[in-house]
Structures are given as C-alpha cells and as structure tokens.
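Below: the structure, in structure tokens.
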There are 2 protein chains.
Amino acid sequence: MRIYIDQASGHVGEEVEIAGWLYNKRSSGKLRFLILRDGTGLMQATVSQADVSEEDWAVADELTQESSLIATGTITEDARAPGGYELHVKSLQLVGRSEDYPITPKEHGTEFLLDRRHLWVRSQKQHAILRVRAEVISAIRDYFDSRGYVLFDAPMFTPNAVEGTTTLFETEYFGARAYLTQSGQLYQEAGCMSLGKVYCFGPTFRAEKSKTRRHLTEFWMVEPEVAFMDLDGVMELAEDFTQEVVARVLDRRGEELKTLERNIAALERVKKPFPRITYDEAARILKEKGTDFTYGSDFGGADETVLAEQFDRPVMIHRWPAGIKAFYMKRDPDDPTRSLGVDMLAPEGYGEIIGGGQREDSLEELEKRIEEHNLPRKFFEWYLDLRRYGTVPHSGFGLGLERTVAWICGIRHIRETIPFPRMMYRLEP
Amino acid sequence: MRIYIDQASGHVGEEVEIAGWLYNKRSSGKLRFLILRDGTGLMQATVSQADVSEEDWAVADELTQESSLIATGTITEDARAPGGYELHVKSLQLVGRSEDYPITPKEHGTEFLLDRRHLWVRSQKQHAILRVRAEVISAIRDYFDSRGYVLFDAPMFTPNAVEGTTTLFETEYFGARAYLTQSGQLYQEAGCMSLGKVYCFGPTFRAEKSKTRRHLTEFWMVEPEVAFMDLDGVMELAEDFTQEVVARVLDRRGEELKTLERNIAALERVKKPFPRITYDEAARILKEKGTDFTYGSDFGGADETVLAEQFDRPVMIHRWPAGIKAFYMKRDPDDPTRSLGVDMLAPEGYGEIIGGGQREDSLEELEKRIEEHNLPRKFFEWYLDLRRYGTVPHSGFGLGLERTVAWICGIRHIRETIPFPRMMYRLEP
C-alpha cells in the first residue's frame with residue numbers, strides 16, 4: 001500500500017510503500033540511513049544489507065541526493081528519527097537518478113538559488129515558507145467567506161490607470177492599449193453597491209524601477225470593500241482580520257514557524273486593539289526621534305521602521321494630508337485638509353501591509369477631484385455612476401500578501417514568499 | 001441595531017435598521033411597499049402613512065429605483081413576503097437619490113448591459129451567478145486544501161510561450177519582453193517534485209481572435225499536479241473533483257440555481273464513474289452521427305456537443321493522436337502514436353472544461369520533442385532539470401473556471417460568469 005510520509009502514524013507495523021526523493025544519507029557499516037522526502041515530510045528509511053537483495057543494496061549504496069525512488073518496508077515508531085517514524089526497508093526501486101544536483105547543503109548565493117528556483121523550492125526552508133503562504137491565503141479566504149463577503153474577482157486588464165501611468169505594464173489589446181491592474185478597488189466599489197460586502201484576491205502589477213527587498217513586480221493583493229462602512233469600521237475590520245490571520249498561522253503552522261526559527265512571542269502579541277495614531281502624531285514621533293522626515297510627505301521605508309518600533313503590534317496611521325492620498329479618498333468632514341485614509345504598518349520593520357480608508361461618496365466632490373488631478377474623465381464615467389445611482393458611504397482596504405507572509409515568516413526579503421518571484425531583473429525561470 | 005436582511009429570522013419582533021437600496025415599489029392607498037436589497041437578500045418594507053412622519057412619508061412616496069436608504073422598523077414574519085420577513089417601517093432616511101436608473105425591468109440588449117456591467121451586477125440573476133461562481137471557487141480550494149495539496153501560485157509573467165506565440169499578450173518588461181501566462185502547468189510540475197501534490201488557481205490569458213460564447217481573453221484556471229500519478233490516477237482525480245464541486249453547489253446554492261431556473265436533475269446526475277472513451281471511440285461516434293469531423297484532428301465545438309449528448313454526465317476522452325497534443329504529453333507505451341492526454345467534456349453542450357494528462361518524464365524523449373516542435377531550448381532548460389534531478393511519473397489537469405460556472409448555472413454565454421468580462425471587443429468598464 002502506497003502512503004504519504006505524513007500518514008505514517010496510522011500505519012505502524014504495516015508494510016507500506018513510500019514514493020519520494022533522497023534528501024540526505026548516512027552510512028554506518030552494513031546500514032544505510034536514507035532520509036526520504038515526499039512533499040509531506042521527512043522520513044528515515046533504514047536499509048540493512050542483511051534484509052535486502054544484492055541489487056537493492058547497491059541501489060541504497062549509490063543513491064545520490066534528489067534521486068527519486070520507491071521504498072517498501074515496515075513502519076516503526078522511533079522517537080529519535082525525524083518525524084518520529086522509521087521505515088525498515090525490504091526493497092528499493094530507483095525511479096530517476098539525479099546526477100550532480102546543483103544545490104548542496106553548503107551555502108549558495110541568492111542569485112544562484114533564484115536562477116534555480118525550480119529546484120530551490122525543494123528545500124525545507126522553502127517548504128515552510130510556501131506552506132505558511134498557502135495557510136495565509138486560506139485564512140484570508142475563510143475570514144471573508146465565513147462573514148458573508150462575496151468573492152468578486154477584479155479584472156486584470158484595465159483600459160485606464162488609477163494611480164498614474166509610470167508604473168504600469170502595458171499590452172496591445174486587439175489594436176487598443178490595455179494596462180495590467182494595480183488594484184481592484186474601483187471594481188470592488190461597484191461590487192459592494194451590488195452585494196453589500198465583497199472582496200477580490202488576485203495578482204496585481206507594478207512596473208516600479210525598485211530593487212528593494214519589499215518590492216515585486218507581480219504580487220497578490222486581497223481587497224475587501226463594504227457598503228455603509230466608515231473609516232472607524234474599516235480600521236476595526238483591518239485589525240480583526242489581521243489578528244485572525246496571524247492566529248490561524250500560529251495555530252496550524254507551528255512546525256513551519258519552528259523550521260523558520262520565527263520568534264513566536266512577537267506574533268502572539270498581535271491582538272486587538274491595535275494602536276491608532278493620526279498622521280500628525282506619527283510626524284511628531286519622527287521629529288522626536290530625529291529622522292529627516294519632512295512634514296506633509298509620505299513616510300519612507302526608514303520612517304515606517306522607526307514608527308513601527310514604537311509599538312509591540314501593528315499600528316494604524318489615519319487622517320493623512322489629503323494631497324498625498326489618492327483622489328477617491330473621502331475628506332475628513334472635521335478638517336478638509338485631511339483624507340480619511342489609513343495605513344497599517346507591520347511590526348519589526350516589515351513596513352506597510354495595509355492601505356485603505358473611506359471613499360468619497362459625493363458625486364460633486366469626486367468630479368472636482370478628477371478635474372484637480374487632471375484625470376481623463378471619460379474613463380471614470382462608470383465609476384461616477386456609482387455616485388449617481390444610490391451612493392452610500394463605503395470603505396475598504398488592500399493587504400499585500402507577500403509582505404504579510406514575509407512578516408509572519410520573519411524573512412527579510414519578500415522574494416522567497418512566492419513560488420516564482422518576478423522583479424525588475426528577474427523574469428526567469 | 002443595524003442588521004443585514006439575511007439575519008432577519010433572528011430579530012423577529014425587534015426594532016432594527018436596514019441599510020440598502022430600493023429594488024422595487026408598489027403603492028396601495030396609504031401604504032407603500034418598498035422592496036429593499038442590501039446584497040444579502042430582498043425584504044419588503046411596509047410604510048403606512050399613519051405610522052411615519054410627513055417627511056418620511058414623502059421620502060417613501062418619491063423613492064426611485066436604486067436610491068439608497070436606511071429604514072428603521074420592526075421585523076415580522078410574513079410567509080407572503082419575499083424572503084419570508086417584513087419590516088414595518090417607523091422611520092426612513094434617504095442616503096443617495098438615484099435619478100433615471102438606466103437598467104429598468106424591461107428587456108435590454110446585451111451590449112447595453114455589458115456597457116453598464118458595474119450596474120448590471122446589481123440584478124438578481126447576476127447575484128445568483130456571482131454567488132455560484134464564488135461557491136465553485138471556494139469548493140475547488142477546499143477540495144485541494146483538505147486533501148493535502150499545497151497552493152503553489154504560478155507566475156503571470158513568463159519569458160516564453162508554452163503553446164505558440166500567436167495567442168499571447170506581450171508586454172515590455174524593463175527593456176525585455178514578457179508574456180502573460182496561458183497556463184501554470186510547467187511551474188506546477190516543479191511544484192509537485194517539491195511538495196508532492198500542488199495546485200495553482202489564478203488568471204490566465206489568451207489573445208484569441210475569437211468571438212464565441214465560450215471564450216474570454218482573461219479567465220481563471222485551476223491546475224492540480226501530482227507526483228507519482230499516472231493517466232488513470234488523473235482521470236479518477238478529475239471525476240472525483242468535478243463530482244464534489246457540483247455537489248457542493250447543489251448543497252449550498254439551491255436558491256441561486258432556482259433563481260437561474262437551472263435544471264437540477266441534470267446536475268444531480270453528475271456522479272462517478274464518468275464514462276471514459278478513447279479518441280478512436282469518440283471518432284467512431286462522430287462518424288456514426290454523420291458529422292464532418294476529420295479523423296486525426298481536434299474536436300470542434302459542434303463535435304464536442306454531439307459527443308457530450310451521448311452521455312448523461314461529463315465524459316472523458318483519452319489517448320489522443322500524439323501530433324495534436326502538446327509536446328510535454330507522455331506517449332502511450334502500448335502505442336507511441338497516442339499521447340496520454342485526457343479531456344473532459346461537460347454535458348448539455350458546454351464543451352471542454354478539463355484538459356490534462358500524464359507528462360513526459362524521460363529527459364531524452366522530452367529533448368527530442370522540444371527539437372521536433374522547434375521550441376527555443378534555452379527557455380526549457382529549467383523544465384528539463386525536473387527530468388535530470390529525480391524525475392518521476394506525474395500528471396495533472398487544468399479546469400477552466402468560467403466554462404464550469406456557465407455549465408453549472410445553465411447560462412449560454414460565459415461572459416456573465418465573471419464580474420468584469422474581457423473579450424476581443426470588450427475592455428470596459
């Protein structure tokens with residue numbers, strides 16, 4: 001009977017088949033200890049020369065790293081073995097020989113590994129990161145699905161640019177021009193006027209000439225949008241959501257966080273309420289700390305790190321100077337120089353993971369903004385329709401998946417948080 | 001207390017607030033029957049002139065289709081009302097007036113509606129389709145997540161073309177050329193060698209100059225790939241998966257299928273085992289039925305419809321002429337003129353929903369195929385690495401989401417199965 005390694009506990013004493021790859025090998029006299037991997041875990045397969053045929057002994061003896069094989073034998077419990085179970089091998093079948101596997105236990109440079117990303121993903125650290133990524137995605141979807149949000153996928157091709165054209169990827173579209181989406185938000189606004197609470201979760205694209213550890217040209221973003229929700233409501237949503245996603249990973253991916261040597265205590269502190277400060281309060285902190293931040297501008301990466309260091313959990317910064325936020329942000333009725341936007345900074349220097357706020361719901365105000373920003377009005381007629389036909393206050397946010405995964409995993413660069421990262425100088429493999 | 005319409009059953013006899021839009025209105029003497037929608041359902045709000053202020057009565061009297069409002073009142077049970085509950089209104093607040101809402105209960109042409117897709121999504125039929133779509137997506141993810149598959153997102157930007165360049169969208173990529181993905185399969189093959197069982201689920205792109213009801217330029221595809229799985233295994237997986245997705249929609253989206261007037265009996269027949277026929281058997285059926293199909297070619301839309309009509313559930317067609325299937329398909333060891341591919345056709349004329357099969361796992365064979373197909377070898381070196389370092393038999397498939405949703409919903413054209421469809425002549429809104 002063929003089983004996966006993570007099913008071993010249910011088959012103690014039984015004869016089973018394990019199909020996988022050689023992860024590592026030790027020799028000791030007439031014994032060969034093969035560490036097998038099959039994608040679900042690691043298992044030690046012990047081959048004793050006395051127990052197997054001459055051919056099978058030769059296979060075990062010559063087995064190279066990442067060769068694929070099928071091992072048949074009996075499962076026993078063994079507290080010392082990785083995973084707690086061991087296979088006592090009766091027969092071995094080599095499936096595919098691996099010669100000179102390029103990734104060895106020694107240290108390799110990152111470019112070397114990125115060039116071999118299709119093989120690098122076989123390592124235990126990459127397994128852990130990719131499983132945390134999958135868990136975060138599943139937690140995000142479950143959070144919204146179980147609260148009555150309807151998934152409302154945004155299009156990838158758009159005819160216009162929401163936030164300027166300089167960072168857009170462009171493609172010919174049957175004689176016209178199309179741009180790859182940078183955000184599904186405008187479409188989610190149409191969705192929430194239809195279905196009340198919606199979200200989209202898909203790839204987004206930024207052609208930023210940036211080589212920092214926080215940027216990918218292609219990254220996934222989840223964007224909820226809720227009708228009749230104000231700024232306070234969306235801050236509550238953002239903190240409740242973030243708390244739940246982190247708690248789910250702690251609950252279900254403890255093994256992976258251990259592999260990554262993540263400081264669990266830092267994640268366990270991610271409990272609401274999160275601190276909420278205004279842009280002005282944040283600016284005061286930066287002044288006190290003596291950074292070279294200019295009042296009125298957006299925070300840079302270094303500023304974000306200083307701000308996040310003041311708190312032991314994510315911090316939300318709201319009420320931004322209207323001029324540095326997008327045209328669709330609602331102005332604060334108590335101070336029209338402020339927009340009702342909110343950013344959430346992750347702790348430990350991981351920077352902004354959420355951007356959102358309350359949207360402008362007045363047709364007249366929005367028309368004025370589009371004019372002030374010199375935006376091509378004809379592309380926004382459909383968006384203005386949402387204010388013409390039963391406008392309501394509404395709010396939403398976008399969370400960048402890869403930055404969130406990097407933070408939760410405690411890894412410095414987001415390039416390891418996605419199976420095949422795409423960056424300014426990286427389009428392969 | 002603010003509630004959503006779908007929470008009414010828990011608040012009978014209580015005073016609550018409903019925030020939403022006017023869906024429809026009837027008048028009868030000193031009564032106004034407002035049908036409200038809030039995204040979670042419809043509810044009748046009865047306004048009696050005697051119970052409300054003069055101002056509120058004027059609001060009720062003048063309320064236009066799709067105006068947004070907040071109604072306060074008491075919930076009562078009423079079997080005759082849509083949804084089974086009614087709101088006896090005490091006060092009404094107009095939030096956003098809607099003047100001359102363009103989509104009225106009369107019939108509109110499809111182009112008219114597609115131009116107003118951002119408003120069309122507010123209709124009950126579109127709600128039903130979009131909720132079925134969301135359910136299908138959630139069923140797909142749960143199917144794989146609960147069976148130990150790891151989500152392994154494929155990149156959107158690729159440096160090369162898997163199936164020719166004529167149907168590719170191209171973009172400038174920092175001085176180089178990038179293409180939008182048509183399939184994540186090759187990347188899933190790397191994934192299954194790492195994690196055993198993986199899947200990706202994201203947008204894919206085809207620049208096909210096709211205006212049929214079965215084509216979108218941007219559509220979502222789910223692609224599982226499993227190490228150590230053969231053609232029989234992937235056929236079992238495909239039928240089990242399809243059966244479960246359909247059963248889940250029947251179980252959870254009965255109301256929506258009723259709104260769509262879907263023939264439920266046809267969906268209830270989607271039970272394994274599904275019929276499996278070879279390409280040759282399919283060709284014989286087409287000959288018997290007198291179609292103008294040419295042996296050796298791929299099936300056209302009309303051929304697929306004739307084939308599907310012979311069965312009361314999806315049918316799988318396997319062992320195709322090797323020449324018309326992709327270079328990476330494994331040849332049948334018993335007949336090298338056949339490739340171990342399989343297509344699944346949906347019943348009722350919905351055409352191919354699944355394409356998949358067993359992949360070529362021999363380095364030598366694959367090198368030969370790349371040469372025969374005149375493919376640029378350098379782009380496939382990483383893919384060949386998967387055969388160099390511990391190759392194993394492996395199989396997978398791709399399922400097109402929108403065709404599947406169209407079939408399950410019983411709607412003719414796939415353009416209504418995605419919030420904002422992108423087609424040859426349709427890039428807006």
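To be explicit about the labels: the chains of the structure tokens are called A, B, and onward in the order shown, and within each one the residues are counted from 1, while ligands get numbers from 1 in the order they are shown.
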- Check every residue of chain A for an atom within 6 Å of chain B, counting only C-alpha atoms, and provide those that qualify as an NGL selection string. :A and (38-39 or 66-68 or 96-98 or 118 or 122 or 134 or 151 or 155 or 170-171 or 190 or 194-196 or 388-391 or 420)
Keeping only N, CA and C atoms, write the selected residues to a file as a compact mmCIF listing (two decimals), in the first residue's frame.
# COMPACT_ATOMS: atom_id res chain seq x y z
N ASP A 38 8.85 13.39 0.56
CA ASP A 38 7.82 13.16 -0.45
C ASP A 38 6.89 14.38 -0.58
N GLY A 39 7.30 15.49 0.02
CA GLY A 39 6.48 16.70 -0.05
C GLY A 39 5.63 16.88 1.19
N GLU A 66 18.51 13.79 -4.20
CA GLU A 66 17.38 14.12 -5.09
C GLU A 66 17.07 13.04 -6.12
N SER A 67 17.72 11.86 -6.02
CA SER A 67 17.25 10.76 -6.85
C SER A 67 15.87 10.37 -6.36
N SER A 68 14.99 9.95 -7.28
CA SER A 68 13.65 9.53 -6.88
C SER A 68 13.60 8.02 -6.76
N GLY A 96 14.28 7.65 -10.73
CA GLY A 96 15.00 8.59 -11.59
C GLY A 96 16.29 9.01 -10.91
N ARG A 97 17.42 8.71 -11.56
CA ARG A 97 18.70 9.06 -10.96
C ARG A 97 18.93 10.57 -11.07
N SER A 98 19.55 11.13 -10.04
CA SER A 98 19.90 12.54 -10.06
C SER A 98 21.41 12.65 -9.99
N HIS A 118 13.28 26.58 -9.41
CA HIS A 118 12.50 25.35 -9.63
C HIS A 118 13.05 24.18 -8.83
N ARG A 122 12.59 22.87 -3.35
CA ARG A 122 12.60 21.55 -2.70
C ARG A 122 13.18 21.59 -1.28
N ALA A 134 0.46 29.42 1.78
CA ALA A 134 -0.81 28.76 1.46
C ALA A 134 -1.79 28.89 2.63
N LEU A 151 -16.90 36.81 -2.96
CA LEU A 151 -15.70 36.99 -3.79
C LEU A 151 -16.11 37.59 -5.12
N PRO A 155 -10.92 42.57 -12.71
CA PRO A 155 -10.24 42.24 -13.97
C PRO A 155 -8.74 42.54 -13.90
N GLU A 170 1.99 47.67 -19.88
CA GLU A 170 1.06 47.95 -20.97
C GLU A 170 1.11 46.81 -21.97
N THR A 171 -0.03 46.51 -22.59
CA THR A 171 -0.02 45.49 -23.64
C THR A 171 -0.94 45.90 -24.76
N ALA A 190 -17.91 48.99 -7.09
CA ALA A 190 -19.13 48.58 -7.82
C ALA A 190 -19.72 47.33 -7.17
N SER A 194 -23.50 46.36 -5.02
CA SER A 194 -24.35 45.28 -5.53
C SER A 194 -24.58 44.21 -4.46
N LEU A 195 -23.49 43.78 -3.83
CA LEU A 195 -23.56 42.61 -2.93
C LEU A 195 -23.28 42.97 -1.47
N GLY A 196 -23.16 44.25 -1.16
CA GLY A 196 -23.00 44.69 0.22
C GLY A 196 -21.58 44.60 0.74
N ARG A 388 -24.00 58.32 -8.80
CA ARG A 388 -25.25 58.83 -9.38
C ARG A 388 -26.45 57.99 -8.98
N TYR A 389 -26.21 56.70 -8.83
CA TYR A 389 -27.34 55.80 -8.62
C TYR A 389 -27.27 55.16 -7.24
N GLY A 390 -27.72 55.90 -6.25
CA GLY A 390 -27.80 55.34 -4.90
C GLY A 390 -26.46 55.26 -4.20
N THR A 391 -25.75 56.40 -4.14
CA THR A 391 -24.44 56.39 -3.46
C THR A 391 -24.61 56.14 -1.97
N PHE A 420 7.51 31.72 -7.75
CA PHE A 420 8.41 32.24 -8.78
C PHE A 420 8.38 33.75 -8.79
Might you pull out every residue within 7 Å of Leu92 (chain B), with only C-alpha atoms counted and same-chain residues fewer than 5 positions away left off, and present them as an MDAnalysis selection string? chainID B and resid 56 70:72
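Atom pair CA of Val52 (chain A) / CA of Lys30 (chain A): separated by 11.1 Å.
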